[in-house]
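Student: My structure is in final-v9.pdb, and what it holds is PDB, C-alpha atoms:
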MODEL        1
ATOM      1  CA  MET A   1     -12.887 -77.091  74.419
ATOM      2  CA  THR A   2     -10.154 -79.129  76.103
ATOM      3  CA  LEU A   3      -6.901 -79.844  74.299
ATOM      4  CA  ARG A   4      -4.483 -81.155  76.915
ATOM      5  CA  VAL A   5      -1.096 -82.803  76.423
ATOM      6  CA  THR A   6       0.325 -85.037  79.162
ATOM      7  CA  PHE A   7       3.927 -86.179  78.836
ATOM      8  CA  LEU A   8       4.065 -89.791  80.014
ATOM      9  CA  GLY A   9       7.662 -90.421  79.012
ATOM     10  CA  THR A  10      10.356 -87.967  77.928
ATOM     11  CA  SER A  11      13.576 -89.998  77.957
ATOM     12  CA  ALA A  12      15.532 -91.212  74.969
ATOM     13  CA  ALA A  13      16.246 -94.928  74.584
ATOM     14  CA  ILE A  14      17.533 -95.470  78.129
ATOM     15  CA  PRO A  15      15.104 -94.595  80.942
ATOM     16  CA  THR A  16      16.259 -92.747  84.031
ATOM     17  CA  THR A  17      14.868 -92.496  87.532
ATOM     18  CA  GLU A  18      13.132 -89.277  86.442
ATOM     19  CA  ARG A  19      12.228 -90.037  82.846
ATOM     20  CA  ASN A  20      10.285 -92.921  81.312
ATOM     21  CA  PRO A  21      10.707 -93.878  77.638
ATOM     22  CA  SER A  22       8.530 -92.113  75.085
ATOM     23  CA  GLY A  23       4.804 -91.661  75.527
ATOM     24  CA  ILE A  24       2.396 -88.759  75.101
ATOM     25  CA  LEU A  25      -1.332 -88.672  75.775
ATOM     26  CA  ILE A  26      -3.464 -85.962  74.194
ATOM     27  CA  ASN A  27      -6.961 -85.393  75.564
ATOM     28  CA  ARG A  28      -9.072 -83.594  73.004
ATOM     29  CA  GLU A  29     -12.460 -83.001  74.666
ATOM     30  CA  GLY A  30     -12.635 -86.558  75.978
ATOM     31  CA  ASP A  31     -10.951 -88.262  73.032
ATOM     32  CA  ARG A  32      -7.753 -89.695  74.518
ATOM     33  CA  LEU A  33      -5.085 -90.304  71.914
ATOM     34  CA  LEU A  34      -1.867 -92.115  72.820
ATOM     35  CA  PHE A  35       1.255 -91.313  70.822
ATOM     36  CA  ASP A  36       3.965 -93.960  71.302
ATOM     37  CA  ALA A  37       4.081 -96.275  74.298
ATOM     38  CA  GLY A  38       7.483 -96.976  75.761
ATOM     39  CA  GLU A  39       8.070 -99.482  78.532
ATOM     40  CA  GLY A  40       6.011 -98.638  81.623
ATOM     41  CA  THR A  41       3.486 -96.441  79.829
ATOM     42  CA  GLN A  42       0.471 -97.888  81.621
ATOM     43  CA  ARG A  43       2.059 -97.201  85.002
ATOM     44  CA  GLN A  44       2.678 -93.615  83.908
ATOM     45  CA  MET A  45      -0.979 -93.335  82.895
ATOM     46  CA  MET A  46      -1.977 -94.349  86.412
ATOM     47  CA  ARG A  47       0.638 -92.156  88.038
ATOM     48  CA  TYR A  48      -0.448 -89.033  86.183
ATOM     49  CA  GLY A  49      -4.187 -89.686  86.177
ATOM     50  CA  THR A  50      -4.868 -89.781  82.450
ATOM     51  CA  GLY A  51      -7.061 -92.862  82.668
ATOM     52  CA  PHE A  52      -6.953 -95.901  80.392
ATOM     53  CA  THR A  53      -9.825 -94.946  78.102
ATOM     54  CA  VAL A  54      -7.770 -94.530  74.956
ATOM     55  CA  SER A  55      -9.572 -93.838  71.688
ATOM     56  CA  ALA A  56      -6.649 -94.572  69.337
ATOM     57  CA  ILE A  57      -2.897 -95.206  69.378
ATOM     58  CA  PHE A  58      -0.394 -93.618  66.986
ATOM     59  CA  LEU A  59       3.119 -95.039  66.677
ATOM     60  CA  THR A  60       5.888 -92.991  65.124
ATOM     61  CA  HIS A  61       8.138 -96.034  64.584
ATOM     62  CA  LEU A  62       8.830 -99.459  66.029
ATOM     63  CA  HIS A  63      11.988 -98.951  68.072
ATOM     64  CA  GLY A  64      11.629-100.526  71.487
ATOM     65  CA  ASP A  65      11.590 -97.334  73.519
ATOM     66  CA  HIS A  66       8.422 -96.323  71.644
ATOM     67  CA  VAL A  67       6.455 -99.603  71.661
ATOM     68  CA  LEU A  68       7.549-101.901  74.506
ATOM     69  CA  GLY A  69       4.709-100.636  76.705
ATOM     70  CA  LEU A  70       2.013-101.811  74.307
ATOM     71  CA  PRO A  71       1.769-105.556  75.169
ATOM     72  CA  GLY A  72       1.210-104.838  78.845
ATOM     73  CA  LEU A  73      -1.354-102.164  78.096
ATOM     74  CA  LEU A  74      -3.283-104.480  75.780
ATOM     75  CA  GLN A  75      -3.252-107.189  78.440
ATOM     76  CA  THR A  76      -4.500-104.784  81.107
ATOM     77  CA  TRP A  77      -7.437-103.872  78.891
ATOM     78  CA  SER A  78      -8.250-107.577  78.608
ATOM     79  CA  PHE A  79      -8.223-107.918  82.402
ATOM     80  CA  GLN A  80     -10.587-104.942  82.522
ATOM     81  CA  ASP A  81     -12.972-106.759  80.144
ATOM     82  CA  ARG A  82     -12.604-104.217  77.406
ATOM     83  CA  GLU A  83     -14.931-104.891  74.482
ATOM     84  CA  ARG A  84     -14.391-101.867  72.245
ATOM     85  CA  PRO A  85     -11.840-102.330  69.470
ATOM     86  CA  VAL A  86      -8.541-100.491  69.743
ATOM     87  CA  ASP A  87      -7.069 -98.920  66.622
ATOM     88  CA  ILE A  88      -3.278 -98.740  66.327
ATOM     89  CA  HIS A  89      -1.791 -96.598  63.563
ATOM     90  CA  THR A  90       1.741 -97.438  62.443
ATOM     91  CA  PRO A  91       4.039 -96.391  59.587
ATOM     92  CA  ALA A  92       3.477 -98.056  56.224
ATOM     93  CA  GLY A  93       5.322-101.356  55.910
ATOM     94  CA  THR A  94       5.392-102.142  59.640
ATOM     95  CA  ALA A  95       2.004-103.757  60.336
ATOM     96  CA  ASP A  96       3.220-107.351  60.052
ATOM     97  CA  ARG A  97       6.145-106.773  62.408
ATOM     98  CA  LEU A  98       3.917-104.950  64.889
ATOM     99  CA  SER A  99       1.333-107.734  64.823
ATOM    100  CA  GLU A 100       4.011-110.388  65.373
ATOM    101  CA  PHE A 101       5.381-108.398  68.308
ATOM    102  CA  LEU A 102       2.020-107.747  69.973
ATOM    103  CA  PHE A 103       0.670-111.264  69.593
ATOM    104  CA  SER A 104       3.821-113.302  70.204
ATOM    105  CA  LEU A 105       2.455-114.597  73.516
ATOM    106  CA  GLU A 106      -0.183-117.320  73.690
ATOM    107  CA  GLU A 107      -2.887-115.158  75.221
ATOM    108  CA  ARG A 108      -4.561-112.758  72.799
ATOM    109  CA  PRO A 109      -6.708-109.747  73.801
ATOM    110  CA  GLY A 110     -10.411-110.413  74.262
ATOM    111  CA  TYR A 111     -11.344-107.495  72.012
ATOM    112  CA  PRO A 112     -10.437-106.535  68.433
ATOM    113  CA  VAL A 113      -7.024-104.948  67.879
ATOM    114  CA  ARG A 114      -7.015-103.246  64.490
ATOM    115  CA  ILE A 115      -3.692-102.218  62.981
ATOM    116  CA  HIS A 116      -3.690 -99.541  60.296
ATOM    117  CA  GLU A 117      -0.679 -98.597  58.205
ATOM    118  CA  VAL A 118      -0.325 -94.900  57.429
ATOM    119  CA  GLU A 119       1.634 -93.221  54.659
ATOM    120  CA  PRO A 120       3.353 -89.865  55.112
ATOM    121  CA  GLY A 121       1.029 -87.128  53.892
ATOM    122  CA  ALA A 122      -2.105 -89.152  54.616
ATOM    123  CA  THR A 123      -4.799 -88.656  57.228
ATOM    124  CA  ALA A 124      -4.352 -91.411  59.799
ATOM    125  CA  ARG A 125      -7.755 -90.848  61.382
ATOM    126  CA  ARG A 126     -10.539 -88.302  61.169
ATOM    127  CA  TRP A 127     -13.196 -87.194  63.648
ATOM    128  CA  ASP A 128     -16.049 -84.742  63.031
ATOM    129  CA  ASP A 129     -14.048 -81.556  63.504
ATOM    130  CA  TYR A 130     -10.385 -82.580  63.630
ATOM    131  CA  GLU A 131      -7.990 -85.139  62.240
ATOM    132  CA  VAL A 132      -4.573 -86.667  62.820
ATOM    133  CA  ARG A 133      -2.266 -86.452  59.808
ATOM    134  CA  ALA A 134       1.015 -88.261  59.262
ATOM    135  CA  PHE A 135       4.102 -86.553  57.861
ATOM    136  CA  ARG A 136       7.507 -87.798  56.789
ATOM    137  CA  THR A 137      10.361 -87.821  59.296
ATOM    138  CA  ASP A 138      13.965 -88.972  58.935
ATOM    139  CA  HIS A 139      15.019 -91.692  61.338
ATOM    140  CA  ARG A 140      16.885 -94.972  60.831
ATOM    141  CA  THR A 141      13.722 -96.920  60.108
ATOM    142  CA  ARG A 142      10.218 -96.463  58.730
ATOM    143  CA  ALA A 143       8.947 -93.498  60.697
ATOM    144  CA  VAL A 144       6.348 -90.745  60.622
ATOM    145  CA  GLY A 145       5.351 -87.807  62.771
ATOM    146  CA  TYR A 146       1.775 -86.797  63.515
ATOM    147  CA  ALA A 147      -0.134 -83.515  63.437
ATOM    148  CA  LEU A 148      -3.444 -83.129  65.253
ATOM    149  CA  VAL A 149      -5.262 -80.466  63.224
ATOM    150  CA  GLU A 150      -8.623 -78.948  64.100
ATOM    151  CA  GLU A 151     -10.951 -77.491  61.479
ATOM    152  CA  ASP A 152     -11.553 -73.755  61.402
ATOM    153  CA  ARG A 153     -14.336 -72.605  63.697
ATOM    154  CA  LYS A 154     -17.176 -70.271  62.911
ATOM    155  CA  GLY A 155     -16.482 -66.560  63.130
ATOM    156  CA  ARG A 156     -17.820 -64.667  66.129
ATOM    157  CA  PHE A 157     -21.454 -63.599  65.917
ATOM    158  CA  ASP A 158     -21.898 -59.851  66.398
ATOM    159  CA  ARG A 159     -25.117 -59.696  68.365
ATOM    160  CA  ALA A 160     -25.051 -55.928  68.758
ATOM    161  CA  ARG A 161     -24.752 -55.473  65.008
ATOM    162  CA  ALA A 162     -27.534 -58.000  64.425
ATOM    163  CA  GLU A 163     -29.877 -56.080  66.695
ATOM    164  CA  GLU A 164     -28.945 -52.823  64.947
ATOM    165  CA  LEU A 165     -30.025 -54.390  61.671
ATOM    166  CA  GLY A 166     -33.404 -55.274  63.177
ATOM    167  CA  ILE A 167     -32.924 -59.017  63.368
ATOM    168  CA  PRO A 168     -35.195 -60.385  66.096
ATOM    169  CA  VAL A 169     -33.503 -62.381  68.830
ATOM    170  CA  GLY A 170     -34.113 -66.036  68.146
ATOM    171  CA  PRO A 171     -33.630 -68.685  65.448
ATOM    172  CA  LYS A 172     -32.468 -66.208  62.809
ATOM    173  CA  PHE A 173     -29.312 -65.635  64.840
ATOM    174  CA  SER A 174     -28.437 -69.324  64.552
ATOM    175  CA  THR A 175     -29.317 -69.421  60.879
ATOM    176  CA  LEU A 176     -26.921 -66.591  60.142
ATOM    177  CA  HIS A 177     -24.187 -68.083  62.324
ATOM    178  CA  ASP A 178     -24.565 -71.336  60.398
ATOM    179  CA  GLY A 179     -23.860 -69.483  57.162
ATOM    180  CA  ASP A 180     -27.325 -68.977  55.687
ATOM    181  CA  PRO A 181     -29.076 -65.640  54.908
ATOM    182  CA  VAL A 182     -32.353 -64.607  56.544
ATOM    183  CA  GLU A 183     -35.213 -62.393  55.437
ATOM    184  CA  LEU A 184     -36.777 -59.828  57.771
ATOM    185  CA  ALA A 185     -40.473 -58.992  57.973
ATOM    186  CA  ASP A 186     -40.011 -55.975  55.677
ATOM    187  CA  GLY A 187     -38.327 -58.092  53.016
ATOM    188  CA  THR A 188     -34.755 -57.068  53.833
ATOM    189  CA  VAL A 189     -32.276 -59.879  53.317
ATOM    190  CA  ILE A 190     -29.387 -60.141  55.763
ATOM    191  CA  ILE A 191     -26.376 -62.214  54.772
ATOM    192  CA  PRO A 192     -24.007 -63.885  57.256
ATOM    193  CA  GLU A 193     -21.075 -61.641  56.363
ATOM    194  CA  GLN A 194     -22.940 -58.675  57.846
ATOM    195  CA  VAL A 195     -22.985 -60.135  61.358
ATOM    196  CA  VAL A 196     -20.459 -62.980  61.435
ATOM    197  CA  GLY A 197     -16.700 -62.438  61.569
ATOM    198  CA  ASP A 198     -14.033 -64.331  59.674
ATOM    199  CA  PRO A 199     -13.562 -68.033  60.461
ATOM    200  CA  ARG A 200     -11.280 -68.605  63.432
ATOM    201  CA  PRO A 201      -8.458 -71.114  63.124
ATOM    202  CA  GLY A 202      -8.509 -74.318  65.104
ATOM    203  CA  ARG A 203      -5.506 -75.621  67.000
ATOM    204  CA  ARG A 204      -2.566 -77.669  65.769
ATOM    205  CA  VAL A 205      -0.344 -79.929  67.857
ATOM    206  CA  VAL A 206       2.586 -81.616  66.121
ATOM    207  CA  TYR A 207       4.689 -84.514  67.426
ATOM    208  CA  THR A 208       7.760 -85.624  65.511
ATOM    209  CA  GLY A 209       8.851 -88.768  67.289
ATOM    210  CA  ASP A 210      12.536 -89.456  66.616
ATOM    211  CA  THR A 211      13.953 -87.593  63.642
ATOM    212  CA  LEU A 212      16.653 -85.503  62.123
ATOM    213  CA  PRO A 213      15.497 -81.951  61.372
ATOM    214  CA  THR A 214      13.389 -81.993  58.180
ATOM    215  CA  LYS A 215      11.554 -79.581  55.895
ATOM    216  CA  THR A 216       8.488 -81.801  56.146
ATOM    217  CA  THR A 217       8.343 -81.070  59.862
ATOM    218  CA  VAL A 218       8.473 -77.344  59.146
ATOM    219  CA  ALA A 219       5.530 -77.720  56.760
ATOM    220  CA  ALA A 220       3.504 -79.891  59.147
ATOM    221  CA  ALA A 221       4.175 -77.507  62.051
ATOM    222  CA  ALA A 222       3.403 -74.263  60.205
ATOM    223  CA  SER A 223       1.889 -71.881  62.805
ATOM    224  CA  ALA A 224       1.456 -74.813  65.196
ATOM    225  CA  ASP A 225       0.167 -74.008  68.654
ATOM    226  CA  LEU A 226       2.539 -76.633  70.042
ATOM    227  CA  LEU A 227       5.435 -78.430  68.357
ATOM    228  CA  ILE A 228       6.805 -81.416  70.291
ATOM    229  CA  HIS A 229      10.201 -82.128  68.773
ATOM    230  CA  ASP A 230      12.983 -84.646  69.257
ATOM    231  CA  ALA A 231      15.820 -82.934  71.157
ATOM    232  CA  THR A 232      17.870 -85.957  72.174
ATOM    233  CA  PHE A 233      21.205 -84.133  72.202
ATOM    234  CA  THR A 234      22.795 -80.724  72.563
ATOM    235  CA  SER A 235      25.158 -79.388  69.908
ATOM    236  CA  GLU A 236      28.068 -80.792  71.907
ATOM    237  CA  HIS A 237      27.002 -84.208  70.618
ATOM    238  CA  ARG A 238      25.855 -83.180  67.136
ATOM    239  CA  LYS A 239      27.960 -85.905  65.516
ATOM    240  CA  ARG A 240      26.225 -88.533  67.632
ATOM    241  CA  ALA A 241      22.872 -87.012  66.672
ATOM    242  CA  ARG A 242      23.726 -87.479  62.993
ATOM    243  CA  GLU A 243      24.862 -91.065  63.557
ATOM    244  CA  THR A 244      21.638 -92.018  65.352
ATOM    245  CA  ALA A 245      19.266 -89.864  63.249
ATOM    246  CA  HIS A 246      18.168 -87.578  66.053
ATOM    247  CA  ALA A 247      18.010 -83.805  66.469
ATOM    248  CA  THR A 248      19.784 -81.425  68.799
ATOM    249  CA  ALA A 249      17.913 -78.878  70.894
ATOM    250  CA  ARG A 250      19.278 -76.086  68.721
ATOM    251  CA  GLU A 251      18.000 -77.824  65.585
ATOM    252  CA  ALA A 252      14.591 -78.275  67.182
ATOM    253  CA  GLY A 253      14.587 -74.554  67.947
ATOM    254  CA  ARG A 254      15.437 -73.749  64.342
ATOM    255  CA  ILE A 255      12.604 -75.934  63.080
ATOM    256  CA  ALA A 256      10.161 -74.194  65.443
ATOM    257  CA  ALA A 257      11.378 -70.784  64.291
ATOM    258  CA  ASP A 258      11.094 -71.694  60.605
ATOM    259  CA  ALA A 259       7.593 -73.063  61.196
ATOM    260  CA  ASP A 260       6.557 -70.012  63.236
ATOM    261  CA  ALA A 261       5.296 -72.358  65.943
ATOM    262  CA  LYS A 262       3.879 -70.646  69.024
ATOM    263  CA  ARG A 263       5.366 -73.088  71.529
ATOM    264  CA  LEU A 264       8.111 -75.692  71.384
ATOM    265  CA  ALA A 265       8.380 -78.700  73.692
ATOM    266  CA  LEU A 266      11.757 -80.452  73.769
ATOM    267  CA  THR A 267      11.543 -84.171  74.477
ATOM    268  CA  HIS A 268      13.352 -87.527  74.086
ATOM    269  CA  ILE A 269      16.242 -86.278  76.248
ATOM    270  CA  SER A 270      19.303 -88.525  76.386
ATOM    271  CA  SER A 271      20.170 -89.985  79.795
ATOM    272  CA  ARG A 272      23.648 -88.431  79.500
ATOM    273  CA  TYR A 273      22.071 -85.081  80.406
ATOM    274  CA  THR A 274      20.587 -86.249  83.701
ATOM    275  CA  GLY A 275      20.885 -83.385  86.146
ATOM    276  CA  ARG A 276      21.620 -80.742  83.507
ATOM    277  CA  PRO A 277      18.716 -80.600  81.030
ATOM    278  CA  SER A 278      18.505 -76.791  81.122
ATOM    279  CA  GLU A 279      21.238 -76.778  78.465
ATOM    280  CA  HIS A 280      18.587 -77.838  75.975
ATOM    281  CA  GLU A 281      16.410 -74.817  76.718
ATOM    282  CA  THR A 282      19.387 -72.483  76.452
ATOM    283  CA  GLU A 283      20.369 -73.862  73.066
ATOM    284  CA  ALA A 284      16.879 -73.749  71.590
ATOM    285  CA  ALA A 285      16.420 -70.168  72.826
ATOM    286  CA  GLU A 286      19.436 -69.065  70.793
ATOM    287  CA  VAL A 287      17.482 -69.543  67.563
ATOM    288  CA  TYR A 288      13.813 -69.511  68.651
ATOM    289  CA  ASP A 289      12.134 -66.698  70.546
ATOM    290  CA  GLY A 290       8.799 -68.401  71.235
ATOM    291  CA  THR A 291       7.808 -70.219  74.410
ATOM    292  CA  ILE A 292      10.075 -73.196  75.148
ATOM    293  CA  ILE A 293       8.952 -76.110  77.301
ATOM    294  CA  LEU A 294      11.434 -78.675  78.542
ATOM    295  CA  ALA A 295       9.219 -81.740  78.679
ATOM    296  CA  GLN A 296       9.217 -83.629  81.973
ATOM    297  CA  ASP A 297       7.338 -86.788  82.863
ATOM    298  CA  GLY A 298       3.935 -85.810  84.202
ATOM    299  CA  ARG A 299       4.002 -82.299  82.815
ATOM    300  CA  VAL A 300       0.620 -81.170  81.486
ATOM    301  CA  VAL A 301       0.328 -78.525  78.780
ATOM    302  CA  GLU A 302      -3.020 -76.945  78.009
ATOM    303  CA  VAL A 303      -3.268 -75.764  74.404
ATOM    304  CA  PRO A 304      -5.495 -72.683  74.091
ATOM    305  CA  TYR A 305      -7.161 -71.371  70.953
ATOM    306  CA  PRO A 306      -4.947 -68.977  68.982
ATOM    307  CA  GLU A 307      -6.956 -65.889  69.963
ATOM    308  CA  GLU A 308      -6.535 -66.762  73.633
TER
ENDMDL
END
What does this structure look like when you write it as structure tokens?

Tutor:
Amino acid sequence: MTLRVTFLGTSAAIPTTERNPSGILINREGDRLLFDAGEGTQRQMMRYGTGFTVSAIFLTHLHGDHVLGLPGLLQTWSFQDRERPVDIHTPAGTADRLSEFLFSLEERPGYPVRIHEVEPGATARRWDDYEVRAFRTDHRTRAVGYALVEEDRKGRFDRARAEELGIPVGPKFSTLHDGDPVELADGTVIIPEQVVGDPRPGRRVVYTGDTLPTKTTVAAAASADLLIHDATFTSEHRKRARETAHATAREAGRIAADADAKRLALTHISSRYTGRPSEHETEAAEVYDGTIILAQDGRVVEVPYPEE
């Protein structure tokens, strides 16, 4: 089942010729979820072939480099005669400001735009077998991060063992895999635990948005398959990171290590590092021995199941 992350924008506040402001699109088996939408996001969506069919939008905070792409995107959907509502999730206490910003022009979208405030610790939106949860971050404004968390999957069905036990091939296999016992012709009762393995964990992708390093991120990213963390600065500019409520690459690496995340993507790179971003990878690797990804515009990361 597809879980694909496309980085639409990986720059900090000031864009560069190589990096657009923040934007990430996650495709989860056809559900396209947009996280933040900096200026030019819709052009990035065209450039990198993600398509415009977005199921929901999740904003980490309302600084311009994370939301200035929204008005244009909403207008494009109007030109395309969109009819389906679009749901925008935003930190608690910011809905009025977001609405004023989006609808400040005379022309309003020709479809419903529904704005939902989300509290840290709450589920922003739920689908049948996964959800997006908000967690507390530490920036200079109302801000949250998001964790896409899949439910556990069924354990593997041991067909060879089932046949050894005399279970006929057919519906009884499905019944057992669904968690219910079956009775054989001779009266023997077979329970699922005899032929079905332990539940297998789903996947977890965590995106912090802009933030200082926090314990809440460690908790949200526990055993994450992919942690996408603010790494605006290197330690050389740690003081500036504190002043602007951002993280350094080393701090992002420490968070990933503490969370035991499988992979770490460093994003929101300051324009001052144009031409020398490898410093971020080097720093993070000093404290984190997992896989490190230096996010680049257009980079696609496939997130496999843990056992893969």

Student: Calculated over only C-alpha atoms, which of the candidates A:Asp158, A:Leu165, A:Pro71, A:Asp138 has the smallest distance to Ser104 of chain A?

Tutor: A:Pro71

Student: Could you please give me, as a PyMOL selection string, the residues of protein, DNA or RNA lying at most 12 Å from (-8.9, -107.1, 66.8) in the coordinate frame of the file, considering all atoms listed in the file?

Tutor: chain A and resi 74+78+82-88+99+102-103+108-116

Student: Which distance in Å separates atom CA of Arg161 of chain A and atom CA of Ala185 of chain A, to one decimal?

Tutor: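 Rounded to one decimal, the two atoms are 17.6 Å apart.
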
Student: List as a ChimeraX atom specification the protein and nucleic acid residues near segment 59-63 of chain A, meaning an atom at most 10 Å away when only C-alpha atoms are counted, but skip any in the same chain fewer than 4 places from it.

Tutor: /A:13,23,34-38,67-68,88-92,94-95,97-98,101,117-118,134-137,139-146,207-211

Student: Write a file of the just-selected residues containing C-alpha atoms, as a PDB file, in the frame of the given file.

Tutor:
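File out-v8.pdb, as written:
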ATOM      1  CA  ALA A  13      16.246 -94.928  74.584  1.00  0.00           C
ATOM      2  CA  GLY A  23       4.804 -91.661  75.527  1.00  0.00           C
ATOM      3  CA  LEU A  34      -1.867 -92.115  72.820  1.00  0.00           C
ATOM      4  CA  PHE A  35       1.255 -91.313  70.822  1.00  0.00           C
ATOM      5  CA  ASP A  36       3.965 -93.960  71.302  1.00  0.00           C
ATOM      6  CA  ALA A  37       4.081 -96.275  74.298  1.00  0.00           C
ATOM      7  CA  GLY A  38       7.483 -96.976  75.761  1.00  0.00           C
ATOM      8  CA  VAL A  67       6.455 -99.603  71.661  1.00  0.00           C
ATOM      9  CA  LEU A  68       7.549-101.901  74.506  1.00  0.00           C
ATOM     10  CA  ILE A  88      -3.278 -98.740  66.327  1.00  0.00           C
ATOM     11  CA  HIS A  89      -1.791 -96.598  63.563  1.00  0.00           C
ATOM     12  CA  THR A  90       1.741 -97.438  62.443  1.00  0.00           C
ATOM     13  CA  PRO A  91       4.039 -96.391  59.587  1.00  0.00           C
ATOM     14  CA  ALA A  92       3.477 -98.056  56.224  1.00  0.00           C
ATOM     15  CA  THR A  94       5.392-102.142  59.640  1.00  0.00           C
ATOM     16  CA  ALA A  95       2.004-103.757  60.336  1.00  0.00           C
ATOM     17  CA  ARG A  97       6.145-106.773  62.408  1.00  0.00           C
ATOM     18  CA  LEU A  98       3.917-104.950  64.889  1.00  0.00           C
ATOM     19  CA  PHE A 101       5.381-108.398  68.308  1.00  0.00           C
ATOM     20  CA  GLU A 117      -0.679 -98.597  58.205  1.00  0.00           C
ATOM     21  CA  VAL A 118      -0.325 -94.900  57.429  1.00  0.00           C
ATOM     22  CA  ALA A 134       1.015 -88.261  59.262  1.00  0.00           C
ATOM     23  CA  PHE A 135       4.102 -86.553  57.861  1.00  0.00           C
ATOM     24  CA  ARG A 136       7.507 -87.798  56.789  1.00  0.00           C
ATOM     25  CA  THR A 137      10.361 -87.821  59.296  1.00  0.00           C
ATOM     26  CA  HIS A 139      15.019 -91.692  61.338  1.00  0.00           C
ATOM     27  CA  ARG A 140      16.885 -94.972  60.831  1.00  0.00           C
ATOM     28  CA  THR A 141      13.722 -96.920  60.108  1.00  0.00           C
ATOM     29  CA  ARG A 142      10.218 -96.463  58.730  1.00  0.00           C
ATOM     30  CA  ALA A 143       8.947 -93.498  60.697  1.00  0.00           C
ATOM     31  CA  VAL A 144       6.348 -90.745  60.622  1.00  0.00           C
ATOM     32  CA  GLY A 145       5.351 -87.807  62.771  1.00  0.00           C
ATOM     33  CA  TYR A 146       1.775 -86.797  63.515  1.00  0.00           C
ATOM     34  CA  TYR A 207       4.689 -84.514  67.426  1.00  0.00           C
ATOM     35  CA  THR A 208       7.760 -85.624  65.511  1.00  0.00           C
ATOM     36  CA  GLY A 209       8.851 -88.768  67.289  1.00  0.00           C
ATOM     37  CA  ASP A 210      12.536 -89.456  66.616  1.00  0.00           C
ATOM     38  CA  THR A 211      13.953 -87.593  63.642  1.00  0.00           C
TER      39      THR A 211
END

Student: Residues within 7 Å of (8.5, -79.3, 77.9), file coordinates, counting only C-alpha atoms: what are they? Give the list as JSON, numbers by chain.

Tutor: {"A": [265, 266, 267, 292, 293, 294, 295, 296]}

Student: Put those residues in a file: C-alpha atoms, as a compact mmCIF listing (two decimals), in the frame of the given file.

Tutor:
# COMPACT_ATOMS: atom_id res chain seq x y z
CA ALA A 265 8.38 -78.70 73.69
CA LEU A 266 11.76 -80.45 73.77
CA THR A 267 11.54 -84.17 74.48
CA ILE A 292 10.07 -73.20 75.15
CA ILE A 293 8.95 -76.11 77.30
CA LEU A 294 11.43 -78.68 78.54
CA ALA A 295 9.22 -81.74 78.68
CA GLN A 296 9.22 -83.63 81.97

Student: How many Å separate atom CA of Ala124 of chain A from atom CA of Ser223 of chain A?

Tutor: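 Separating atom CA of Ala124 of chain A from atom CA of Ser223 of chain A is a distance of 20.7 Å.
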